[in-house]
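Asker: This is run-v1.tsv (TSV, C-alpha atoms).
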chain	number	residue	atom	x	y	z
L	1	MET	CA	-70.39	87.16	64.11
L	2	PRO	CA	-66.76	86.64	65.28
L	3	ILE	CA	-64.07	87.61	62.79
L	4	ALA	CA	-62.53	84.16	63.29
L	5	LEU	CA	-65.31	82.82	61.04
L	6	LEU	CA	-63.78	84.83	58.19
L	7	ALA	CA	-60.56	82.84	58.54
L	8	LEU	CA	-62.52	79.57	58.34
L	9	ALA	CA	-64.40	80.89	55.29
L	10	ILE	CA	-61.12	81.76	53.50
L	11	ALA	CA	-59.90	78.21	54.05
L	12	ALA	CA	-63.24	76.83	52.82
L	13	PHE	CA	-62.92	79.04	49.72
L	14	GLY	CA	-59.57	77.46	48.89
L	15	ILE	CA	-60.85	73.93	49.50
L	16	GLY	CA	-63.91	74.52	47.34
L	17	THR	CA	-61.78	75.94	44.55
L	18	THR	CA	-59.36	73.01	44.38
L	19	GLU	CA	-62.20	70.48	44.57
L	20	PHE	CA	-64.08	71.79	41.54
L	21	VAL	CA	-61.53	73.63	39.39
L	22	MET	CA	-60.12	70.40	37.95
L	23	MET	CA	-63.46	69.73	36.20
L	24	GLY	CA	-62.91	72.76	33.98
L	25	LEU	CA	-59.23	71.98	33.34
L	26	LEU	CA	-59.51	68.25	32.66
L	27	PRO	CA	-58.87	68.45	28.88
L	28	GLU	CA	-55.77	70.64	29.33
L	29	ALA	CA	-54.31	68.39	32.05
L	30	ALA	CA	-55.06	65.24	30.02
L	31	SER	CA	-53.43	66.66	26.89
L	32	ASP	CA	-50.35	67.91	28.76
L	33	LEU	CA	-49.78	64.59	30.54
L	34	HIS	CA	-50.65	62.50	27.44
L	35	VAL	CA	-53.59	60.55	28.88
L	36	SER	CA	-57.18	60.08	27.77
L	37	ILE	CA	-60.07	62.06	29.26
L	38	PRO	CA	-61.44	58.95	31.05
L	39	ASP	CA	-58.01	58.34	32.61
L	40	ALA	CA	-57.79	62.01	33.58
L	41	GLY	CA	-61.11	61.58	35.38
L	42	GLY	CA	-59.00	59.96	38.07
L	43	TYR	CA	-57.83	63.43	39.09
L	44	ILE	CA	-61.39	64.07	40.27
L	45	SER	CA	-62.15	60.64	41.71
L	46	LEU	CA	-58.81	60.39	43.58
L	47	TYR	CA	-59.54	63.72	45.27
L	48	ALA	CA	-62.95	62.39	46.36
L	49	LEU	CA	-61.31	59.17	47.60
L	50	GLY	CA	-58.88	61.27	49.64
L	51	VAL	CA	-61.82	63.05	51.27
L	52	VAL	CA	-63.63	59.79	52.09
L	53	ILE	CA	-60.52	58.19	53.62
L	54	GLY	CA	-58.94	61.27	55.18
L	55	ALA	CA	-61.99	62.62	57.00
L	56	PRO	CA	-62.33	59.87	59.63
L	57	LEU	CA	-58.67	58.80	59.76
L	58	LEU	CA	-57.12	62.27	60.21
L	59	THR	CA	-59.84	63.33	62.65
L	60	MET	CA	-59.19	60.26	64.82
L	61	ALA	CA	-55.42	60.75	64.51
L	62	GLY	CA	-55.78	64.31	65.82
L	63	MET	CA	-58.48	63.65	68.42
L	64	ARG	CA	-56.16	64.57	71.32
L	65	ALA	CA	-54.72	67.68	69.64
L	66	HIS	CA	-55.84	71.25	70.23
L	67	ARG	CA	-58.50	72.06	67.63
L	68	LYS	CA	-56.67	75.14	66.35
L	69	THR	CA	-53.53	73.02	65.91
L	70	MET	CA	-55.63	70.51	63.99
L	71	LEU	CA	-56.98	73.25	61.69
L	72	LEU	CA	-53.48	74.57	60.99
L	73	SER	CA	-52.14	71.07	60.33
L	74	MET	CA	-54.90	70.36	57.82
L	75	LEU	CA	-54.18	73.63	56.01
L	76	VAL	CA	-50.47	72.79	55.78
L	77	LEU	CA	-51.33	69.43	54.23
L	78	PHE	CA	-53.82	71.14	51.89
L	79	THR	CA	-51.22	73.68	50.73
L	80	VAL	CA	-48.55	71.02	50.22
L	81	GLY	CA	-51.00	68.87	48.23
L	82	ASN	CA	-51.81	71.73	45.87
L	83	LEU	CA	-48.14	72.64	45.40
L	84	PHE	CA	-47.56	68.97	44.65
L	85	SER	CA	-50.33	69.20	42.01
L	86	ALA	CA	-48.82	72.34	40.47
L	87	PHE	CA	-45.42	70.65	40.06
L	88	SER	CA	-46.67	67.22	38.97
L	89	TYR	CA	-45.13	66.33	35.61
L	90	SER	CA	-46.58	62.86	35.18
L	91	HIS	CA	-50.02	61.27	35.32
L	92	GLU	CA	-49.13	59.13	38.33
L	93	LEU	CA	-47.73	62.08	40.30
L	94	LEU	CA	-50.85	64.17	39.69
L	95	LEU	CA	-53.08	61.29	40.79
L	96	ALA	CA	-51.09	61.06	44.03
L	97	ALA	CA	-51.15	64.85	44.48
L	98	ARG	CA	-54.91	65.02	44.09
L	99	PHE	CA	-55.34	62.23	46.63
L	100	VAL	CA	-53.11	64.11	49.11
L	101	SER	CA	-55.05	67.35	48.47
L	102	GLY	CA	-58.32	65.61	49.34
L	103	LEU	CA	-57.12	64.05	52.60
L	104	PRO	CA	-57.51	67.18	54.83
L	105	HIS	CA	-60.85	68.30	53.28
L	106	GLY	CA	-63.26	66.44	55.57
L	107	ALA	CA	-61.16	66.70	58.72
L	108	PHE	CA	-60.86	70.47	58.29
L	109	PHE	CA	-64.61	70.96	57.88
L	110	GLY	CA	-65.36	68.52	60.71
L	111	VAL	CA	-63.17	70.33	63.22
L	112	GLY	CA	-64.06	73.70	61.68
L	113	ALA	CA	-67.78	73.14	62.29
L	114	VAL	CA	-67.09	72.37	65.95
L	115	VAL	CA	-64.88	75.46	66.28
L	116	ALA	CA	-67.41	77.71	64.49
L	117	ALA	CA	-70.21	76.50	66.79
L	118	SER	CA	-68.05	77.08	69.89
L	119	LEU	CA	-67.42	80.74	68.97
L	120	VAL	CA	-71.08	81.77	69.36
L	121	SER	CA	-74.04	81.15	71.61
L	122	ALA	CA	-76.24	78.11	70.98
L	123	ASP	CA	-78.96	80.17	69.28
L	124	LYS	CA	-76.47	81.37	66.60
L	125	ARG	CA	-74.74	78.07	65.93
L	126	GLY	CA	-76.40	77.45	62.55
L	127	ARG	CA	-75.42	80.87	61.26
L	128	ALA	CA	-71.83	80.40	62.44
L	129	ILE	CA	-71.52	77.07	60.63
L	130	SER	CA	-73.10	78.57	57.50
L	131	MET	CA	-70.53	81.41	57.55
L	132	MET	CA	-67.73	78.88	57.20
L	133	PHE	CA	-69.52	77.01	54.40
L	134	LEU	CA	-70.19	80.28	52.55
L	135	GLY	CA	-66.52	80.17	51.58
L	136	LEU	CA	-67.15	76.83	49.88
L	137	THR	CA	-70.13	78.15	47.92
L	138	VAL	CA	-68.45	81.44	46.96
L	139	ALA	CA	-65.63	79.33	45.49
L	140	ASN	CA	-68.08	78.21	42.82
L	141	ILE	CA	-68.87	81.84	41.95
L	142	VAL	CA	-65.36	83.31	42.03
L	143	GLY	CA	-62.62	80.78	42.73
L	144	VAL	CA	-63.50	78.12	40.17
L	145	PRO	CA	-64.15	80.53	37.23
L	146	VAL	CA	-60.99	82.53	37.99
L	147	GLY	CA	-58.92	79.38	38.42
L	148	THR	CA	-60.32	77.94	35.20
L	149	GLN	CA	-59.60	81.08	33.21
L	150	LEU	CA	-56.10	81.30	34.68
L	151	GLY	CA	-55.53	77.66	33.74
L	152	HIS	CA	-56.72	78.26	30.20
L	153	ALA	CA	-54.55	81.35	29.79
L	154	LEU	CA	-51.30	80.23	31.46
L	155	GLY	CA	-51.60	76.47	31.90
L	156	TRP	CA	-53.51	74.24	34.31
L	157	ARG	CA	-50.66	74.18	36.86
L	158	TRP	CA	-51.13	77.88	37.58
L	159	ALA	CA	-54.62	77.22	38.90
L	160	PHE	CA	-53.22	74.93	41.61
L	161	GLY	CA	-50.44	77.40	42.31
L	162	LEU	CA	-53.16	79.98	42.97
L	163	VAL	CA	-54.94	77.58	45.34
L	164	ALA	CA	-51.66	77.01	47.20
L	165	VAL	CA	-51.37	80.79	47.69
L	166	ILE	CA	-54.93	80.82	49.07
L	167	GLY	CA	-53.84	78.01	51.41
L	168	VAL	CA	-50.99	80.16	52.75
L	169	LEU	CA	-53.39	83.10	53.26
L	170	ALA	CA	-55.83	80.81	55.08
L	171	LEU	CA	-53.01	79.53	57.30
L	172	ALA	CA	-52.10	83.09	58.28
L	173	ALA	CA	-55.75	84.03	58.86
L	174	VAL	CA	-56.49	81.00	61.06
L	175	ALA	CA	-53.27	81.50	63.02
L	176	ALA	CA	-54.06	85.17	63.64
L	177	LEU	CA	-57.85	85.21	64.04
L	178	VAL	CA	-59.01	81.91	65.50
L	179	PRO	CA	-58.67	81.93	69.31
L	180	LYS	CA	-56.85	79.12	71.07
L	181	GLN	CA	-59.14	76.12	71.35
L	182	PRO	CA	-59.36	73.80	74.35
L	183	LYS	CA	-57.76	70.40	74.06
L	184	PRO	CA	-60.42	67.66	73.91
L	185	THR	CA	-60.60	65.89	77.27
L	186	GLU	CA	-60.85	62.15	77.78
L	187	ALA	CA	-60.57	61.53	74.05
L	188	SER	CA	-60.27	57.88	73.07
L	189	LEU	CA	-60.80	55.85	69.93
L	190	ARG	CA	-63.50	53.79	71.63
L	191	GLY	CA	-65.27	56.93	72.79
L	192	GLU	CA	-65.10	58.49	69.34
L	193	LEU	CA	-66.56	55.40	67.68
L	194	ARG	CA	-69.27	55.08	70.35
L	195	ALA	CA	-71.08	58.02	68.74
L	196	PHE	CA	-71.83	55.83	65.73
L	197	ARG	CA	-74.02	53.59	67.84
L	198	HIS	CA	-76.74	56.25	67.72
L	199	PRO	CA	-79.36	55.56	65.03
L	200	GLN	CA	-79.81	59.31	64.58
L	201	VAL	CA	-76.22	59.65	63.32
L	202	TRP	CA	-76.94	57.08	60.61
L	203	MET	CA	-80.21	58.83	59.79
L	204	ALA	CA	-78.21	62.02	59.20
L	205	PHE	CA	-75.87	60.12	56.90
L	206	GLY	CA	-78.93	58.79	55.02
L	207	VAL	CA	-80.23	62.34	54.53
L	208	VAL	CA	-76.87	63.37	53.04
L	209	VAL	CA	-76.32	60.30	50.84
L	210	PHE	CA	-79.72	60.54	49.15
L	211	GLY	CA	-80.65	64.21	49.60
L	212	PHE	CA	-77.37	65.48	48.20
L	213	ALA	CA	-77.02	62.76	45.58
L	214	ALA	CA	-80.12	64.51	44.20
L	215	ILE	CA	-78.08	67.67	43.59
L	216	PHE	CA	-75.12	65.85	42.06
L	217	SER	CA	-77.34	63.78	39.78
L	218	PHE	CA	-78.53	67.09	38.31
L	219	TYR	CA	-75.26	69.06	38.47
L	220	SER	CA	-73.00	66.37	36.99
L	221	TYR	CA	-74.77	66.69	33.62
L	222	ILE	CA	-75.81	70.34	33.69
L	223	LYS	CA	-73.39	71.43	30.90
L	224	PRO	CA	-74.75	69.12	28.17
L	225	VAL	CA	-78.33	69.91	29.25
L	226	LEU	CA	-77.78	73.66	28.92
L	227	THR	CA	-76.03	73.35	25.54
L	228	GLU	CA	-78.06	70.57	23.89
L	229	VAL	CA	-81.51	70.94	25.46
L	230	THR	CA	-81.70	74.64	26.40
L	231	HIS	CA	-79.46	75.50	23.40
L	232	TYR	CA	-77.16	77.95	25.15
L	233	SER	CA	-73.73	78.45	23.60
L	234	PRO	CA	-70.80	76.83	25.44
L	235	THR	CA	-69.49	80.28	26.43
L	236	ALA	CA	-72.82	81.12	28.08
L	237	VAL	CA	-72.68	78.05	30.29
L	238	THR	CA	-69.90	79.44	32.55
L	239	PRO	CA	-71.99	82.35	33.90
L	240	LEU	CA	-74.94	79.98	34.28
L	241	LEU	CA	-72.82	77.75	36.48
L	242	ALA	CA	-72.02	80.86	38.51
L	243	VAL	CA	-75.81	81.32	38.88
L	244	PHE	CA	-75.87	77.89	40.50
L	245	GLY	CA	-73.08	79.04	42.83
L	246	VAL	CA	-75.07	82.15	43.76
L	247	GLY	CA	-78.01	79.89	44.59
L	248	MET	CA	-75.75	77.73	46.78
L	249	THR	CA	-74.52	80.83	48.61
L	250	VAL	CA	-78.00	82.24	49.19
L	251	GLY	CA	-79.28	78.85	50.31
L	252	THR	CA	-76.41	78.33	52.76
L	253	ALA	CA	-76.82	81.80	54.29
L	254	LEU	CA	-80.59	81.40	54.59
L	255	GLY	CA	-80.21	77.85	55.87
L	256	GLY	CA	-77.95	79.05	58.69
L	257	ARG	CA	-80.60	81.43	59.99
L	258	LEU	CA	-83.40	78.88	59.64
L	259	ALA	CA	-81.30	76.14	61.30
L	260	ASP	CA	-81.05	78.26	64.45
L	261	LYS	CA	-84.85	78.30	64.65
L	262	SER	CA	-85.66	74.73	63.64
L	263	PRO	CA	-83.10	72.40	62.03
L	264	LEU	CA	-85.64	69.66	61.31
L	265	LYS	CA	-88.22	71.93	59.70
L	266	THR	CA	-85.44	73.46	57.61
L	267	LEU	CA	-84.44	69.98	56.42
L	268	TYR	CA	-88.05	69.15	55.55
L	269	ALA	CA	-88.55	72.42	53.66
L	270	GLY	CA	-85.19	72.29	51.87
L	271	LEU	CA	-85.47	68.69	50.63
L	272	SER	CA	-89.12	68.95	49.57
L	273	SER	CA	-88.40	72.24	47.75
L	274	LEU	CA	-85.38	70.62	46.09
L	275	ALA	CA	-87.54	67.74	44.80
L	276	VAL	CA	-90.10	70.19	43.39
L	277	SER	CA	-87.38	72.37	41.80
L	278	LEU	CA	-85.82	69.37	40.06
L	279	VAL	CA	-89.19	68.30	38.66
L	280	VAL	CA	-89.89	71.81	37.38
L	281	PHE	CA	-86.43	71.99	35.79
L	282	ALA	CA	-87.02	68.67	34.04
L	283	LEU	CA	-90.24	70.09	32.59
L	284	THR	CA	-88.81	73.50	31.62
L	285	ALA	CA	-85.20	72.67	30.65
L	286	SER	CA	-85.83	73.68	27.05
L	287	SER	CA	-86.80	77.23	28.08
L	288	PRO	CA	-83.86	79.68	27.98
L	289	VAL	CA	-85.80	81.92	30.41
L	290	LEU	CA	-86.99	79.39	32.98
L	291	ALA	CA	-83.97	77.06	32.99
L	292	PRO	CA	-81.55	79.58	34.62
L	293	ILE	CA	-84.17	80.43	37.26
L	294	MET	CA	-84.49	76.76	38.14
L	295	VAL	CA	-80.70	76.32	38.18
L	296	PHE	CA	-80.58	79.06	40.83
L	297	LEU	CA	-83.44	77.53	42.84
L	298	ILE	CA	-81.93	74.03	42.81
L	299	GLY	CA	-78.68	75.45	44.20
L	300	ALA	CA	-80.56	77.47	46.83
L	301	THR	CA	-82.98	74.77	48.00
L	302	GLY	CA	-80.33	72.04	48.05
L	303	PHE	CA	-77.81	73.95	50.12
L	304	THR	CA	-80.37	75.32	52.58
L	305	ALA	CA	-80.09	72.00	54.39
L	306	ILE	CA	-76.30	71.99	54.96
L	307	PRO	CA	-76.18	74.04	58.22
L	308	SER	CA	-79.09	72.01	59.60
L	309	ILE	CA	-77.46	68.66	58.93
L	310	GLN	CA	-74.20	69.85	60.48
L	311	ALA	CA	-76.11	71.10	63.55
L	312	ARG	CA	-77.94	67.77	63.82
L	313	ILE	CA	-74.65	65.87	63.78
L	314	LEU	CA	-73.18	68.10	66.52
L	315	ASP	CA	-76.26	67.31	68.63
L	316	LYS	CA	-76.51	63.59	67.92
L	317	ALA	CA	-72.78	62.76	68.02
L	318	LYS	CA	-71.91	64.66	71.21
L	319	GLU	CA	-69.24	62.10	72.18
L	320	ALA	CA	-67.39	62.76	68.90
L	321	PRO	CA	-68.71	65.95	67.25
L	322	ALA	CA	-65.60	66.49	65.11
L	323	LEU	CA	-65.56	62.90	63.86
L	324	GLY	CA	-69.30	62.96	63.15
L	325	SER	CA	-69.04	66.26	61.30
L	326	ALA	CA	-65.98	65.09	59.35
L	327	SER	CA	-67.76	61.88	58.41
L	328	ILE	CA	-70.56	63.98	56.92
L	329	GLN	CA	-67.96	65.32	54.47
L	330	SER	CA	-67.07	61.76	53.47
L	331	THR	CA	-70.76	61.11	53.00
L	332	PHE	CA	-71.10	64.17	50.75
L	333	ASN	CA	-68.51	62.66	48.42
L	334	ILE	CA	-70.34	59.33	48.45
L	335	ALA	CA	-73.46	61.30	47.50
L	336	ASN	CA	-71.48	62.99	44.71
L	337	SER	CA	-70.45	59.62	43.26
L	338	LEU	CA	-73.89	58.06	43.70
L	339	GLY	CA	-75.71	60.96	42.04
L	340	ALA	CA	-73.33	61.08	39.08
L	341	TYR	CA	-73.49	57.29	38.68
L	342	LEU	CA	-77.30	57.07	38.74
L	343	GLY	CA	-77.65	60.08	36.45
L	344	GLY	CA	-75.26	58.46	33.98
L	345	LEU	CA	-77.20	55.18	34.12
L	346	VAL	CA	-80.49	56.75	32.99
L	347	ILE	CA	-78.77	58.70	30.22
L	348	ALA	CA	-77.04	55.51	29.02
L	349	ALA	CA	-80.41	53.73	29.13
L	350	GLY	CA	-81.73	56.21	26.57
L	351	PHE	CA	-83.97	58.36	28.76
L	352	GLY	CA	-82.35	61.61	27.63
L	353	LEU	CA	-80.13	64.31	29.11
L	354	VAL	CA	-82.89	65.68	31.35
L	355	SER	CA	-83.54	62.30	33.00
L	356	PRO	CA	-80.95	62.80	35.80
L	357	SER	CA	-83.17	65.60	37.13
L	358	TRP	CA	-86.04	63.12	37.52
L	359	VAL	CA	-83.65	60.76	39.31
L	360	GLY	CA	-82.58	63.68	41.50
L	361	ALA	CA	-86.18	64.44	42.44
L	362	LEU	CA	-86.68	60.82	43.52
L	363	LEU	CA	-83.44	60.86	45.53
L	364	ALA	CA	-84.51	64.08	47.28
L	365	VAL	CA	-87.76	62.39	48.31
L	366	VAL	CA	-85.78	59.45	49.74
L	367	GLY	CA	-83.58	61.92	51.65
L	368	LEU	CA	-86.72	63.63	52.93
L	369	GLY	CA	-87.94	60.21	54.12
L	370	PHE	CA	-84.78	59.81	56.22
L	371	ALA	CA	-85.27	63.32	57.66
L	372	LEU	CA	-88.91	62.55	58.55
L	373	ALA	CA	-87.88	59.26	60.18
L	374	SER	CA	-85.23	61.12	62.16
L	375	GLY	CA	-87.82	63.63	63.34
L	376	ARG	CA	-90.17	60.82	64.37
L	377	MET	CA	-87.35	59.25	66.41
L	378	ASP	CA	-86.83	62.62	68.13
L	379	ARG	CA	-90.50	62.82	69.08
L	380	GLY	CA	-90.78	59.21	70.27
L	381	PRO	CA	-88.80	59.38	73.52
L	382	ARG	CA	-90.14	62.86	74.28
L	383	ALA	CA	-93.69	61.71	73.81
L	384	GLY	CA	-92.99	58.75	76.08
L	385	LYS	CA	-91.63	61.02	78.81
L	386	LEU	CA	-94.67	63.29	78.58
L	387	VAL	CA	-97.01	60.33	78.97
L	388	ALA	CA	-95.01	59.01	81.93
L	389	SER	CA	-95.00	62.45	83.54
L	390	HIS	CA	-98.76	62.80	83.05
L	391	GLN	CA	-99.36	59.33	84.51
L	392	ALA	CA	-97.16	60.09	87.54
L	393	SER	CA	-99.09	63.31	88.15
L	394	ARG	CA	-102.40	61.42	88.07
L	395	ASN	CA	-101.02	58.81	90.48
L	396	GLU	CA	-99.97	61.54	92.90
L	397	GLU	CA	-103.44	63.05	92.72
L	398	SER	CA	-104.98	59.67	93.42
L	399	VAL	CA	-102.72	59.09	96.44
L	400	ALA	CA	-103.53	62.56	97.74
L	401	SER	CA	-107.28	61.95	97.44
L	402	LEU	CA	-106.96	58.64	99.33
L	403	GLY	CA	-105.04	60.35	102.05
Would you write out, as structure tokens, the structure that this file holds?
Answerer:
Amino acid sequence: MPIALLALAIAAFGIGTTEFVMMGLLPEAASDLHVSIPDAGGYISLYALGVVIGAPLLTMAGMRAHRKTMLLSMLVLFTVGNLFSAFSYSHELLLAARFVSGLPHGAFFGVGAVVAASLVSADKRGRAISMMFLGLTVANIVGVPVGTQLGHALGWRWAFGLVAVIGVLALAAVAALVPKQPKPTEASLRGELRAFRHPQVWMAFGVVVFGFAAIFSFYSYIKPVLTEVTHYSPTAVTPLLAVFGVGMTVGTALGGRLADKSPLKTLYAGLSSLAVSLVVFALTASSPVLAPIMVFLIGATGFTAIPSIQARILDKAKEAPALGSASIQSTFNIANSLGAYLGGLVIAAGFGLVSPSWVGALLAVVGLGFALASGRMDRGPRAGKLVASHQASRNEESVASLG
């Protein structure tokens, strides 16, 4: 694999760290800025809003720029946003800083996926994309715990200062290691948007919205489940969350290899295995032995599908691969919000802390339905061409026999 993928992975590590580290530092930030925990939740939701808005808008704004220039620009904005967070001394400033930090997230991964795929041959594209996303998953094992501990020890601002340093390192790595990328030719807003006419692009979005909402329905409430249902101590939950991160990393790496062989079959296997894993977790959440195993498996099975869905978008949105891939990142954040919302609804309705896992299993099945429908659409035109070819061959034979 090209060493340039390491530079993309370093950037993904920083992005993953800043996205999730606020969850562990929310009480400290709320107390320091004199706001309630619900109000401080805006630091998370404003970041997600930045991703949803920034992914398509920044990608379209940079559609005529060299891709390496686009990557560097997004990293500059990312670094500035995190420095802004570190020096925010009011609630309103931190809300704005988190929004700014989220803006380059989707555009970076959208362009990054295109760049990663261009660095290798077609049969290694899934592995190349997974190498970049490994940085995102490793952030949950190393970056988030380290940032959280640093924030607890020295103050929450230091965590974002650390992320800004990672941003500078990523800038240097991308500048030095990623080769110069060709400037997109004949790029136009109409051409970029034309890709969204394809039903398969919307099918891919459906897979993400429901398939990954399944993960976030489970993960959003994992802490209270592990403390109140499995009866782990609060201090034991942190390494268990790292177990989930290890599962994500293993799943992403495995998914990259499987995506090179068959993206659709990998989607089918990943989503069906995710549904089964969520059901088993719901049934075994009270077991201190089985629960961590299932936490690992949910992370692994859920993230197996990521390289495949990125590869599908690159195939189905050929007119605008960067915009399609960036829009997937927006869709991931919609899935995050949807999963957390639906999981919260069933808890509020009195179905218990484990109930979001049942909701997640149902969402995974819906996502699998979109993947199956997408596969059927792939086979339809091909089957039609085979029939037409067979009929033409028979006609030629008939003409030959008459002659």
Asker: Pick from L:Phe210, L:Pro356, L:Pro234, L:Leu264: nearest to Phe281 of chain L, with only C-alpha atoms counted?
Answerer: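 Of L:Phe210, L:Pro356, L:Pro234, L:Leu264, the one nearest Phe281 of chain L, counting only C-alpha atoms, is L:Pro356.
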Asker: Return as JSON the box centre and box size in Å, one decimal, for an axis-aligned box around all listed atoms of segment 249-254 of chain L padded by 8 Å per side.
Answerer:
{"center_x": -77.6, "center_y": 80.3, "center_z": 51.6, "size_x": 22.1, "size_y": 19.9, "size_z": 22.0}
Asker: Might you pull out every residue within 8 Å of Gly147 of chain L, with only C-alpha atoms counted and same-chain residues fewer than 3 positions away left off, and present them as a VMD selection string?
Answerer: chain L and resid 17 21 143 to 144 150 to 151 158 to 160 162
Asker: Between L:Ala259, L:Leu290, L:Phe351, L:Ser88, which is the closest to Ala128 of chain L once you count only C-alpha atoms?
Answerer: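 Among the listed residues, the smallest separation from Ala128 of chain L belongs to L:Ala259.
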Asker: Excluding same-chain residues fewer than 4 positions from Gln310 of chain L, what lies within 7 Å of it counting all atoms listed in the file, as JSON, numbers by chain?
Answerer: {"L": [306, 314, 325]}
Asker: Give as a ChimeraX atom specification every residue, naming chains and numbers as the document does, that has an atom within 9 Å of (-53.7, 78.5, 60.1), counting all atoms listed in the file.
Answerer: /L:7,11,68-69,71-76,167-178
Asker: Suppose you want the space between atom CA of Ala340 of chain L and atom CA of Gly256 of chain L; what is it in Å?
Answerer: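 Computing the Euclidean distance for atom CA of Ala340 of chain L and atom CA of Gly256 of chain L yields 27.0 Å.
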Asker: Interatomic distance between atom CA of Ser277 of chain L and atom CA of Phe218 of chain L?
Answerer: 10.9 Å
Asker: Distance atom CA of Val289 of chain L-atom CA of Thr238 of chain L, one decimal place?
Answerer: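 For atom CA of Val289 of chain L relative to atom CA of Thr238 of chain L, the distance reads 16.2 Å.
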Asker: Let me make sure I understand: among L:Gly375, L:Gly360, L:Gly126, L:Gly339, which one has the smallest atom-to-atom distance to Thr304 of chain L if we use all atoms listed in the file?
Answerer: L:Gly126
Asker: Within 7 Å of (-81.7, 68.3, 31.5), in the coordinates the file gives, what residues turn up when you count only C-alpha atoms, written out as a VMD selection string?
Answerer: chain L and resid 222 225 229 282 285 353 to 355 357
Asker: Check the smallest atom-to-atom distance from each of L:Tyr341, L:Phe244, L:Phe332, L:Trp358 to Phe205 of chain L using all atoms listed in the file, then report the winner.
Answerer: L:Phe332
Asker: List the spatial neighbours of segment 33-42 of chain L as JSON, numbers by chain - criterion: any atom at most 7 Å away, all atoms listed in the file, same-chain residues fewer than 6 positions off excluded.
Answerer: {"L": [26, 27, 90, 91, 95]}
Asker: For Asp260 of chain L, work out the shell of residues within 9 Å, counting only C-alpha atoms and skipping chain neighbours fewer than 5 positions away, then give it as a list of chain:residue names.
Answerer: L:Ala122, L:Asp123, L:Lys124, L:Arg125, L:Gly126, L:Arg127, L:Gly255, L:Pro307, L:Ser308, L:Ala311
Asker: Can you work out which one of L:Ala61, L:Ala139, L:Ala55, L:Val114 has the shortest atom-to-atom distance to Phe13 of chain L, counting all atoms listed in the file?
Answerer: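 The answer is L:Ala139, which sits nearest to Phe13 of chain L.
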